[in-house]
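Asks: Contents of coords.cif (mmCIF, C-alpha atoms) are given next:
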data_start
loop_
_atom_site.label_atom_id
_atom_site.label_comp_id
_atom_site.auth_asym_id
_atom_site.auth_seq_id
_atom_site.Cartn_x
_atom_site.Cartn_y
_atom_site.Cartn_z
CA MET A 148 -11.33 -23.76 -52.94
CA GLY A 149 -10.65 -25.43 -49.59
CA ASP A 150 -13.16 -23.16 -47.83
CA PHE A 151 -15.72 -23.97 -50.53
CA TRP A 152 -15.75 -27.69 -49.62
CA GLN A 153 -15.42 -26.97 -45.91
CA PHE A 154 -18.67 -25.02 -45.73
CA TRP A 155 -20.67 -27.47 -47.88
CA PRO A 156 -18.96 -30.88 -47.57
CA LEU A 157 -21.55 -32.58 -49.79
CA PHE A 158 -19.69 -31.11 -52.75
CA GLY A 159 -16.75 -33.29 -51.76
CA LEU A 160 -18.73 -36.55 -51.76
CA ASN A 161 -17.60 -38.64 -54.71
CA ILE A 162 -18.94 -42.07 -55.69
CA ARG A 163 -17.11 -43.94 -58.46
CA SER A 164 -18.04 -47.10 -60.30
CA GLU A 165 -16.23 -48.75 -63.21
CA ARG A 166 -17.23 -46.13 -65.78
CA LEU A 167 -19.03 -43.40 -63.85
CA GLU A 168 -18.37 -40.69 -61.31
CA LEU A 169 -21.32 -39.44 -59.23
CA ARG A 170 -21.14 -36.16 -57.31
CA MET A 171 -23.31 -33.21 -56.34
CA PRO A 172 -23.21 -30.61 -59.13
CA THR A 173 -21.56 -27.28 -58.46
CA ASP A 174 -23.04 -24.27 -60.25
CA PRO A 175 -20.79 -24.68 -63.32
CA ASP A 176 -21.83 -28.35 -63.41
CA LEU A 177 -25.49 -27.33 -63.31
CA PHE A 178 -25.09 -25.23 -66.44
CA ASP A 179 -23.66 -28.24 -68.31
CA LEU A 180 -26.26 -30.58 -66.83
CA ALA A 181 -29.06 -28.29 -67.97
CA LYS A 182 -27.66 -28.39 -71.51
CA THR A 183 -27.71 -32.20 -71.42
CA ALA A 184 -31.33 -32.25 -70.27
CA ARG A 185 -32.28 -29.60 -72.83
CA GLY A 186 -30.82 -31.85 -75.53
CA GLY A 187 -33.44 -34.52 -74.79
CA VAL A 188 -34.12 -37.18 -72.17
CA TYR A 189 -36.69 -39.39 -73.90
CA ALA A 190 -37.95 -40.18 -77.38
CA PRO A 191 -40.86 -38.24 -78.91
CA GLY A 192 -44.19 -39.61 -77.73
CA GLU A 193 -42.75 -40.94 -74.47
CA MET A 194 -43.14 -39.43 -70.99
CA PRO A 195 -41.31 -41.24 -68.16
CA PHE A 196 -42.02 -38.44 -65.64
CA LEU A 197 -45.16 -37.43 -63.79
CA VAL A 198 -44.32 -33.76 -64.40
CA PRO A 199 -43.11 -33.03 -67.99
CA TRP A 200 -40.32 -30.75 -66.78
CA THR A 201 -38.17 -31.17 -69.89
CA GLU A 202 -40.87 -29.71 -72.14
CA THR A 203 -40.74 -26.22 -70.61
CA PRO A 204 -39.50 -23.76 -73.25
CA SER A 205 -36.28 -21.79 -72.80
CA PRO A 206 -35.32 -19.71 -70.91
CA ASP A 207 -37.87 -20.81 -68.28
CA PHE A 208 -36.54 -24.35 -68.51
CA GLU A 209 -33.06 -23.23 -67.48
CA TYR A 210 -34.42 -20.92 -64.74
CA ASN A 211 -36.53 -23.75 -63.29
CA PHE A 212 -33.69 -26.25 -63.55
CA LEU A 213 -31.26 -24.07 -61.61
CA GLN A 214 -33.85 -23.08 -59.00
CA TYR A 215 -34.75 -26.72 -58.42
CA HIS A 216 -31.16 -27.71 -57.64
CA TRP A 217 -30.52 -24.59 -55.56
CA GLY A 218 -33.70 -25.38 -53.64
CA LEU A 219 -32.45 -28.87 -52.81
CA ARG A 220 -29.39 -27.36 -51.18
CA SER A 221 -31.29 -24.75 -49.15
CA ALA A 222 -33.94 -27.24 -47.98
CA TRP A 223 -31.44 -29.90 -46.85
CA ASN A 224 -32.18 -31.39 -43.43
CA PRO A 225 -30.29 -34.34 -41.87
CA ASP A 226 -33.57 -36.20 -41.45
CA SER A 227 -35.21 -35.28 -44.78
CA TRP A 228 -33.08 -34.72 -47.84
CA ARG A 229 -32.67 -35.28 -51.58
CA LEU A 230 -29.19 -35.84 -52.95
CA GLU A 231 -29.18 -35.22 -56.70
CA LEU A 232 -25.89 -36.50 -58.10
CA GLY A 233 -24.51 -35.53 -61.47
CA ILE A 234 -23.37 -38.48 -63.62
CA HIS A 235 -19.95 -37.90 -65.17
CA VAL A 236 -18.95 -40.05 -68.15
CA ASP A 237 -15.51 -39.39 -69.64
CA GLY A 238 -15.66 -35.77 -68.50
CA GLN A 239 -19.22 -35.18 -69.72
CA LEU A 240 -22.34 -34.72 -67.61
CA ALA A 241 -24.67 -37.46 -68.80
CA GLY A 242 -27.60 -37.10 -66.39
CA ALA A 243 -28.56 -37.26 -62.74
CA GLN A 244 -29.19 -39.95 -60.14
CA ALA A 245 -31.07 -38.98 -56.99
CA ILE A 246 -31.53 -40.62 -53.63
CA SER A 247 -33.96 -39.08 -51.14
CA ALA A 248 -35.34 -39.73 -47.69
CA ASP A 249 -38.05 -38.35 -45.42
CA GLY A 250 -37.69 -39.16 -41.73
CA PHE A 251 -34.55 -41.15 -42.45
CA ARG A 252 -33.39 -41.64 -38.85
CA GLU A 253 -36.68 -43.32 -37.98
CA HIS A 254 -37.65 -45.12 -41.18
CA ARG A 255 -34.24 -45.82 -42.78
CA THR A 256 -35.93 -45.74 -46.18
CA ILE A 257 -34.43 -44.22 -49.34
CA SER A 258 -36.09 -43.60 -52.69
CA THR A 259 -34.35 -43.26 -56.04
CA GLY A 260 -35.00 -41.37 -59.26
CA SER A 261 -32.90 -40.62 -62.32
CA TRP A 262 -32.61 -39.39 -65.88
CA LEU A 263 -30.04 -39.68 -68.68
CA GLY A 264 -29.50 -37.61 -71.79
CA ARG A 265 -30.61 -39.52 -74.89
CA SER A 266 -27.09 -39.70 -76.35
CA PHE A 267 -25.99 -41.62 -73.23
CA GLN A 268 -28.84 -44.12 -73.21
CA GLY A 269 -28.60 -47.75 -74.27
CA LYS A 270 -25.05 -48.18 -72.91
CA GLY A 271 -25.79 -49.65 -69.48
CA TYR A 272 -25.18 -46.39 -67.62
CA GLY A 273 -28.69 -46.38 -66.13
CA LYS A 274 -28.13 -49.69 -64.38
CA GLU A 275 -24.59 -48.80 -63.31
CA MET A 276 -25.57 -45.50 -61.69
CA ARG A 277 -28.50 -47.10 -59.86
CA ALA A 278 -26.25 -49.89 -58.63
CA ALA A 279 -23.75 -47.29 -57.41
CA VAL A 280 -26.29 -45.47 -55.24
CA LEU A 281 -27.68 -48.77 -53.95
CA ALA A 282 -24.20 -49.73 -52.79
CA PHE A 283 -23.80 -46.31 -51.19
CA SER A 284 -27.23 -46.52 -49.53
CA PHE A 285 -26.60 -49.91 -47.95
CA ASP A 286 -22.84 -49.83 -47.32
CA TYR A 287 -22.54 -46.23 -46.09
CA LEU A 288 -26.01 -44.97 -45.09
CA HIS A 289 -27.13 -48.34 -43.69
CA ALA A 290 -30.60 -48.09 -45.18
CA ASP A 291 -33.17 -50.78 -44.39
CA TRP A 292 -35.15 -50.25 -47.57
CA VAL A 293 -34.64 -48.63 -50.96
CA THR A 294 -37.67 -48.03 -53.15
CA SER A 295 -38.16 -47.17 -56.78
CA SER A 296 -41.14 -46.77 -59.08
CA ALA A 297 -41.76 -46.54 -62.80
CA PHE A 298 -44.72 -46.12 -65.09
CA VAL A 299 -45.75 -49.33 -66.80
CA ASP A 300 -44.76 -47.83 -70.16
CA ASN A 301 -41.15 -47.26 -69.01
CA PRO A 302 -39.62 -50.69 -69.69
CA ALA A 303 -36.01 -49.52 -69.29
CA SER A 304 -36.48 -48.45 -65.66
CA ILE A 305 -38.51 -51.56 -64.86
CA ALA A 306 -35.81 -53.79 -66.34
CA ILE A 307 -33.11 -52.10 -64.25
CA SER A 308 -35.06 -52.61 -61.02
CA ARG A 309 -35.67 -56.26 -61.76
CA SER A 310 -32.10 -56.93 -62.85
CA LEU A 311 -30.72 -55.47 -59.61
CA GLY A 312 -32.89 -57.66 -57.41
CA TYR A 313 -35.79 -55.41 -56.46
CA GLU A 314 -39.11 -57.03 -55.63
CA GLU A 315 -42.33 -55.69 -57.11
CA THR A 316 -44.57 -54.56 -54.25
CA SER A 317 -47.64 -52.88 -55.75
CA HIS A 318 -49.29 -51.08 -58.62
CA GLU A 319 -50.98 -47.70 -58.24
CA TRP A 320 -52.59 -44.94 -60.25
CA VAL A 321 -50.82 -41.59 -59.97
CA GLY A 322 -51.51 -38.14 -61.36
CA GLU A 323 -54.47 -35.83 -61.57
CA GLU A 324 -57.74 -37.33 -62.74
CA ASP A 325 -58.37 -34.51 -65.21
CA GLN A 326 -55.01 -35.26 -66.85
CA GLY A 327 -55.60 -39.00 -66.90
CA PRO A 328 -53.99 -40.98 -64.06
CA ARG A 329 -51.15 -43.29 -65.06
CA GLU A 330 -50.33 -46.76 -63.76
CA ALA A 331 -47.04 -47.12 -61.91
CA ILE A 332 -45.21 -50.12 -60.48
CA ASN A 333 -43.54 -49.82 -57.08
CA PHE A 334 -40.36 -51.75 -56.27
CA LEU A 335 -38.44 -52.45 -53.07
CA ILE A 336 -34.99 -53.82 -52.29
CA THR A 337 -33.59 -54.68 -48.86
CA PRO A 338 -30.03 -55.36 -47.67
CA HIS A 339 -30.83 -59.09 -47.74
CA LEU A 340 -31.84 -58.93 -51.40
CA TRP A 341 -28.89 -56.67 -52.29
CA TYR A 342 -26.18 -58.71 -50.61
CA ALA A 343 -27.61 -62.02 -51.84
CA ARG A 344 -26.21 -61.48 -55.35
CA GLU A 345 -22.99 -60.41 -56.99
CA ARG A 346 -22.51 -56.67 -56.71
CA MET A 347 -20.57 -54.03 -58.55
CA PRO A 348 -17.71 -52.49 -56.53
CA ILE A 349 -17.68 -48.76 -55.83
CA GLU A 350 -15.20 -46.31 -54.34
CA VAL A 351 -16.37 -43.43 -52.14
CA ASP A 352 -14.41 -40.33 -51.12
CA GLY A 353 -15.48 -37.51 -48.82
CA PHE A 354 -18.14 -39.39 -46.89
CA ASP A 355 -16.68 -38.86 -43.41
CA ASP A 356 -16.82 -35.09 -43.90
CA CYS A 357 -20.54 -35.11 -44.68
CA ARG A 358 -21.97 -38.03 -42.68
CA ASP A 359 -23.67 -35.55 -40.30
CA PHE A 360 -25.65 -34.27 -43.28
CA PHE A 361 -27.38 -37.69 -43.36
CA GLY A 362 -28.10 -37.76 -39.62
CA LEU A 363 -25.39 -40.36 -38.96
CA TRP A 364 -23.69 -38.65 -36.04
CA ASP A 365 -24.11 -41.45 -33.51
#
Please rewrite the model in this file as structure tokens.
Replies:
Amino acid sequence: MGDFWQFWPLFGLNIRSERLELRMPTDPDLFDLAKTARGGVYAPGEMPFLVPWTETPSPDFEYNFLQYHWGLRSAWNPDSWRLELGIHVDGQLAGAQAISADGFREHRTISTGSWLGRSFQGKGYGKEMRAAVLAFSFDYLHADWVTSSAFVDNPASIAISRSLGYEETSHEWVGEEDQGPREAINFLITPHLWYARERMPIEVDGFDDCRDFFGLWD
């Protein structure tokens, strides 16, 4: 087990908030996470994602889900990366919270994205897991900007961004024209905005072992 973490230290990164534990899923975790997603992420008639990935029938859904997460590992680059963290609630995998960057050493900009299984929604976990990665992004990765976006018909995500202190920066139409473009709202939060308000405490283990993975070697 020691060699396992040694060769891929990101598996040892652990972010904890009051009720949640966030960490990169191992393969056994991915199987459980896929079951949570397969059980439903949004109500019928809703679509919070640009790509309706949860609607793929089995077993292709499971194949695609595993390949996506395996692909994130193999494509990791210290300057361009996507860290997809599993959300653990009382021993159960409730969803995923991602932070990603492209050209991080130059731009110091991080983007977020997330999903929760329907049985875990409406309990404040969405806000708590976003707050946890914001704290990690500013306190540990020293980001200058963190961005988020949501379709205008996704009030839960919009409410989380506003409650955490993001500023609305723009609206845009996204998606293919033949499928009907959808209106999205873009949000931005800076260290000044983040540290200007009361913040939720987090605990982080394993960061020193994987800081090089984020291009933080100097």
Asks: Hey, which bits of segment 149-223 of chain A sit within 12 Å of segment 243-248 of chain A, and for each residue what's the closest pair of atoms and how far apart in Å (one decimal), counting only C-alpha atoms, rows by chain and increasing number, as CSV?
Replies:
residue,atom,partner,partner_atom,distance
A:Ile162,CA,A:Gln244,CA,11.4
A:Leu167,CA,A:Gln244,CA,11.4
A:Glu168,CA,A:Ala243,CA,10.8
A:Leu169,CA,A:Gln244,CA,7.9
A:Arg170,CA,A:Ala243,CA,9.3
A:Met171,CA,A:Ala243,CA,9.2
A:Pro172,CA,A:Ala243,CA,9.3
A:Asp176,CA,A:Ala243,CA,11.2
A:Leu177,CA,A:Ala243,CA,10.4
A:Asp179,CA,A:Ala243,CA,11.7
A:Leu180,CA,A:Ala243,CA,8.2
A:Ala181,CA,A:Ala243,CA,10.4
A:Thr183,CA,A:Ala243,CA,10.1
A:Ala184,CA,A:Ala243,CA,9.5
A:Val188,CA,A:Ala243,CA,10.9
A:His216,CA,A:Ala243,CA,11.1
A:Leu219,CA,A:Ser247,CA,10.5
A:Trp223,CA,A:Ser247,CA,10.4
Asks: Can those selected residues be exported to a file as a PDB file, in the coordinates of the input so that it contains C-alpha atoms?
Replies:
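Result file is again-v7.pdb:
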ATOM      1  CA  ILE A 162     -18.940 -42.070 -55.690  1.00  0.00           C
ATOM      2  CA  LEU A 167     -19.030 -43.400 -63.850  1.00  0.00           C
ATOM      3  CA  GLU A 168     -18.370 -40.690 -61.310  1.00  0.00           C
ATOM      4  CA  LEU A 169     -21.320 -39.440 -59.230  1.00  0.00           C
ATOM      5  CA  ARG A 170     -21.140 -36.160 -57.310  1.00  0.00           C
ATOM      6  CA  MET A 171     -23.310 -33.210 -56.340  1.00  0.00           C
ATOM      7  CA  PRO A 172     -23.210 -30.610 -59.130  1.00  0.00           C
ATOM      8  CA  ASP A 176     -21.830 -28.350 -63.410  1.00  0.00           C
ATOM      9  CA  LEU A 177     -25.490 -27.330 -63.310  1.00  0.00           C
ATOM     10  CA  ASP A 179     -23.660 -28.240 -68.310  1.00  0.00           C
ATOM     11  CA  LEU A 180     -26.260 -30.580 -66.830  1.00  0.00           C
ATOM     12  CA  ALA A 181     -29.060 -28.290 -67.970  1.00  0.00           C
ATOM     13  CA  THR A 183     -27.710 -32.200 -71.420  1.00  0.00           C
ATOM     14  CA  ALA A 184     -31.330 -32.250 -70.270  1.00  0.00           C
ATOM     15  CA  VAL A 188     -34.120 -37.180 -72.170  1.00  0.00           C
ATOM     16  CA  HIS A 216     -31.160 -27.710 -57.640  1.00  0.00           C
ATOM     17  CA  LEU A 219     -32.450 -28.870 -52.810  1.00  0.00           C
ATOM     18  CA  TRP A 223     -31.440 -29.900 -46.850  1.00  0.00           C
TER      19      TRP A 223
END
Asks: Identify which of the residues A:Gly159, A:Gly264, A:Gly250, A:Pro175 lies closest to Pro225 of chain A, counting only C-alpha atoms when measuring atom-to-atom distances.
Replies: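 Smallest distance to Pro225 of chain A is found for A:Gly250.
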Asks: Show me, as a PyMOL selection string, the residues that have an atom within 10 Å of segment 340-348 of chain A when counting all atoms listed in the file, minus same-chain residues fewer than 6 positions from it.
Replies: chain A and resi 163-165+275+278-279+281-282+285+293+311-314
Asks: Please, what distance in Å, to one decimal, runs between atom CA of Lys182 of chain A and atom CA of Phe283 of chain A?
Replies: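 So the answer is 27.4 Å.
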Asks: By how many Å are atom CA of Arg252 of chain A and atom CA of Asp226 of chain A apart?
Replies: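 Distance reported for this atom pair: 6.0 Å.
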Asks: Starting from the PyMOL selection byres ((chain A and resi 318) around 12), expand the selection into actual residues of this file and give them as a ChimeraX atom specification.
Replies: /A:295-299,315-317,319-321,329-334
Asks: Using only C-alpha atoms, collect all residues at a distance of at most 7 Å from (-33.7, -47.0, -44.9) as written in the file, then present them as number ranges by chain.
Replies: A: 251, 254-257, 289-293
Asks: Measure the distance from atom CA of Arg309 of chain A to atom CA of His235 of chain A in Å and round it to one decimal.
Replies: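 According to the coordinates, atom CA of Arg309 of chain A and atom CA of His235 of chain A are separated by 24.4 Å.
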Asks: If I put a ball of radius 12 Å at (-21.0, -44.7, -47.1) in the file's coordinates, which residues poke into it when counting all atoms listed in the file, written as a list in words?
Replies: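 The distance filter leaves exactly Leu160, Asn161, Ile162, Ala279, Val280, Leu281, Ala282, Phe283, Ser284, Phe285, Asp286, Tyr287, Leu288, His289, Ala290, Ile349, Glu350, Val351, Asp352, Gly353, Phe354, Asp355, Asp356, Cys357, Arg358, Asp359, Phe361 and Leu363 of chain A.
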Asks: Can you complete the atoms of segment 212-236 of chain A to N, CA and C atoms and list them as a PDB file, in the frame of the given file?
Replies:
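Heads up, here's the output in part_3.pdb:
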ATOM      1  N   PHE A 212     -34.682 -25.214 -63.820  1.00  0.00           N
ATOM      2  CA  PHE A 212     -33.690 -26.250 -63.550  1.00  0.00           C
ATOM      3  C   PHE A 212     -32.723 -25.799 -62.459  1.00  0.00           C
ATOM      4  N   LEU A 213     -32.198 -24.584 -62.608  1.00  0.00           N
ATOM      5  CA  LEU A 213     -31.260 -24.070 -61.610  1.00  0.00           C
ATOM      6  C   LEU A 213     -31.939 -23.876 -60.261  1.00  0.00           C
ATOM      7  N   GLN A 214     -33.145 -23.318 -60.252  1.00  0.00           N
ATOM      8  CA  GLN A 214     -33.850 -23.080 -59.000  1.00  0.00           C
ATOM      9  C   GLN A 214     -34.165 -24.386 -58.274  1.00  0.00           C
ATOM     10  N   TYR A 215     -34.481 -25.426 -59.025  1.00  0.00           N
ATOM     11  CA  TYR A 215     -34.750 -26.720 -58.420  1.00  0.00           C
ATOM     12  C   TYR A 215     -33.526 -27.226 -57.657  1.00  0.00           C
ATOM     13  N   HIS A 216     -32.374 -27.206 -58.296  1.00  0.00           N
ATOM     14  CA  HIS A 216     -31.160 -27.710 -57.640  1.00  0.00           C
ATOM     15  C   HIS A 216     -30.720 -26.797 -56.502  1.00  0.00           C
ATOM     16  N   TRP A 217     -30.843 -25.489 -56.664  1.00  0.00           N
ATOM     17  CA  TRP A 217     -30.520 -24.590 -55.560  1.00  0.00           C
ATOM     18  C   TRP A 217     -31.462 -24.832 -54.379  1.00  0.00           C
ATOM     19  N   GLY A 218     -32.732 -25.110 -54.699  1.00  0.00           N
ATOM     20  CA  GLY A 218     -33.700 -25.380 -53.640  1.00  0.00           C
ATOM     21  C   GLY A 218     -33.378 -26.627 -52.851  1.00  0.00           C
ATOM     22  N   LEU A 219     -32.841 -27.654 -53.522  1.00  0.00           N
ATOM     23  CA  LEU A 219     -32.450 -28.870 -52.810  1.00  0.00           C
ATOM     24  C   LEU A 219     -31.370 -28.572 -51.772  1.00  0.00           C
ATOM     25  N   ARG A 220     -30.439 -27.723 -52.130  1.00  0.00           N
ATOM     26  CA  ARG A 220     -29.390 -27.360 -51.180  1.00  0.00           C
ATOM     27  C   ARG A 220     -29.973 -26.615 -49.978  1.00  0.00           C
ATOM     28  N   SER A 221     -30.796 -25.599 -50.239  1.00  0.00           N
ATOM     29  CA  SER A 221     -31.290 -24.750 -49.150  1.00  0.00           C
ATOM     30  C   SER A 221     -32.262 -25.491 -48.238  1.00  0.00           C
ATOM     31  N   ALA A 222     -32.944 -26.513 -48.765  1.00  0.00           N
ATOM     32  CA  ALA A 222     -33.940 -27.240 -47.980  1.00  0.00           C
ATOM     33  C   ALA A 222     -33.341 -28.450 -47.260  1.00  0.00           C
ATOM     34  N   TRP A 223     -32.043 -28.685 -47.409  1.00  0.00           N
ATOM     35  CA  TRP A 223     -31.440 -29.900 -46.850  1.00  0.00           C
ATOM     36  C   TRP A 223     -31.620 -29.956 -45.338  1.00  0.00           C
ATOM     37  N   ASN A 224     -32.023 -31.125 -44.858  1.00  0.00           N
ATOM     38  CA  ASN A 224     -32.180 -31.390 -43.430  1.00  0.00           C
ATOM     39  C   ASN A 224     -31.622 -32.783 -43.174  1.00  0.00           C
ATOM     40  N   PRO A 225     -30.874 -33.013 -42.097  1.00  0.00           N
ATOM     41  CA  PRO A 225     -30.290 -34.340 -41.870  1.00  0.00           C
ATOM     42  C   PRO A 225     -31.303 -35.469 -41.810  1.00  0.00           C
ATOM     43  N   ASP A 226     -32.557 -35.155 -41.535  1.00  0.00           N
ATOM     44  CA  ASP A 226     -33.570 -36.200 -41.450  1.00  0.00           C
ATOM     45  C   ASP A 226     -34.390 -36.325 -42.734  1.00  0.00           C
ATOM     46  N   SER A 227     -34.432 -35.269 -43.534  1.00  0.00           N
ATOM     47  CA  SER A 227     -35.210 -35.280 -44.780  1.00  0.00           C
ATOM     48  C   SER A 227     -34.394 -34.553 -45.839  1.00  0.00           C
ATOM     49  N   TRP A 228     -34.007 -35.275 -46.883  1.00  0.00           N
ATOM     50  CA  TRP A 228     -33.080 -34.720 -47.840  1.00  0.00           C
ATOM     51  C   TRP A 228     -33.260 -35.384 -49.211  1.00  0.00           C
ATOM     52  N   ARG A 229     -32.739 -34.716 -50.224  1.00  0.00           N
ATOM     53  CA  ARG A 229     -32.670 -35.280 -51.580  1.00  0.00           C
ATOM     54  C   ARG A 229     -31.306 -34.955 -52.144  1.00  0.00           C
ATOM     55  N   LEU A 230     -30.527 -35.987 -52.392  1.00  0.00           N
ATOM     56  CA  LEU A 230     -29.190 -35.840 -52.950  1.00  0.00           C
ATOM     57  C   LEU A 230     -29.262 -36.140 -54.441  1.00  0.00           C
ATOM     58  N   GLU A 231     -29.113 -35.097 -55.242  1.00  0.00           N
ATOM     59  CA  GLU A 231     -29.180 -35.220 -56.700  1.00  0.00           C
ATOM     60  C   GLU A 231     -27.744 -35.208 -57.217  1.00  0.00           C
ATOM     61  N   LEU A 232     -27.278 -36.345 -57.695  1.00  0.00           N
ATOM     62  CA  LEU A 232     -25.890 -36.500 -58.100  1.00  0.00           C
ATOM     63  C   LEU A 232     -25.751 -36.392 -59.612  1.00  0.00           C
ATOM     64  N   GLY A 233     -24.817 -35.582 -60.054  1.00  0.00           N
ATOM     65  CA  GLY A 233     -24.510 -35.530 -61.470  1.00  0.00           C
ATOM     66  C   GLY A 233     -23.736 -36.767 -61.892  1.00  0.00           C
ATOM     67  N   ILE A 234     -24.035 -37.283 -63.086  1.00  0.00           N
ATOM     68  CA  ILE A 234     -23.370 -38.480 -63.620  1.00  0.00           C
ATOM     69  C   ILE A 234     -22.321 -38.041 -64.625  1.00  0.00           C
ATOM     70  N   HIS A 235     -21.056 -38.294 -64.303  1.00  0.00           N
ATOM     71  CA  HIS A 235     -19.950 -37.900 -65.170  1.00  0.00           C
ATOM     72  C   HIS A 235     -19.443 -39.112 -65.947  1.00  0.00           C
ATOM     73  N   VAL A 236     -19.429 -38.982 -67.260  1.00  0.00           N
ATOM     74  CA  VAL A 236     -18.950 -40.050 -68.150  1.00  0.00           C
ATOM     75  C   VAL A 236     -17.859 -39.452 -69.036  1.00  0.00           C
TER      76      VAL A 236
END
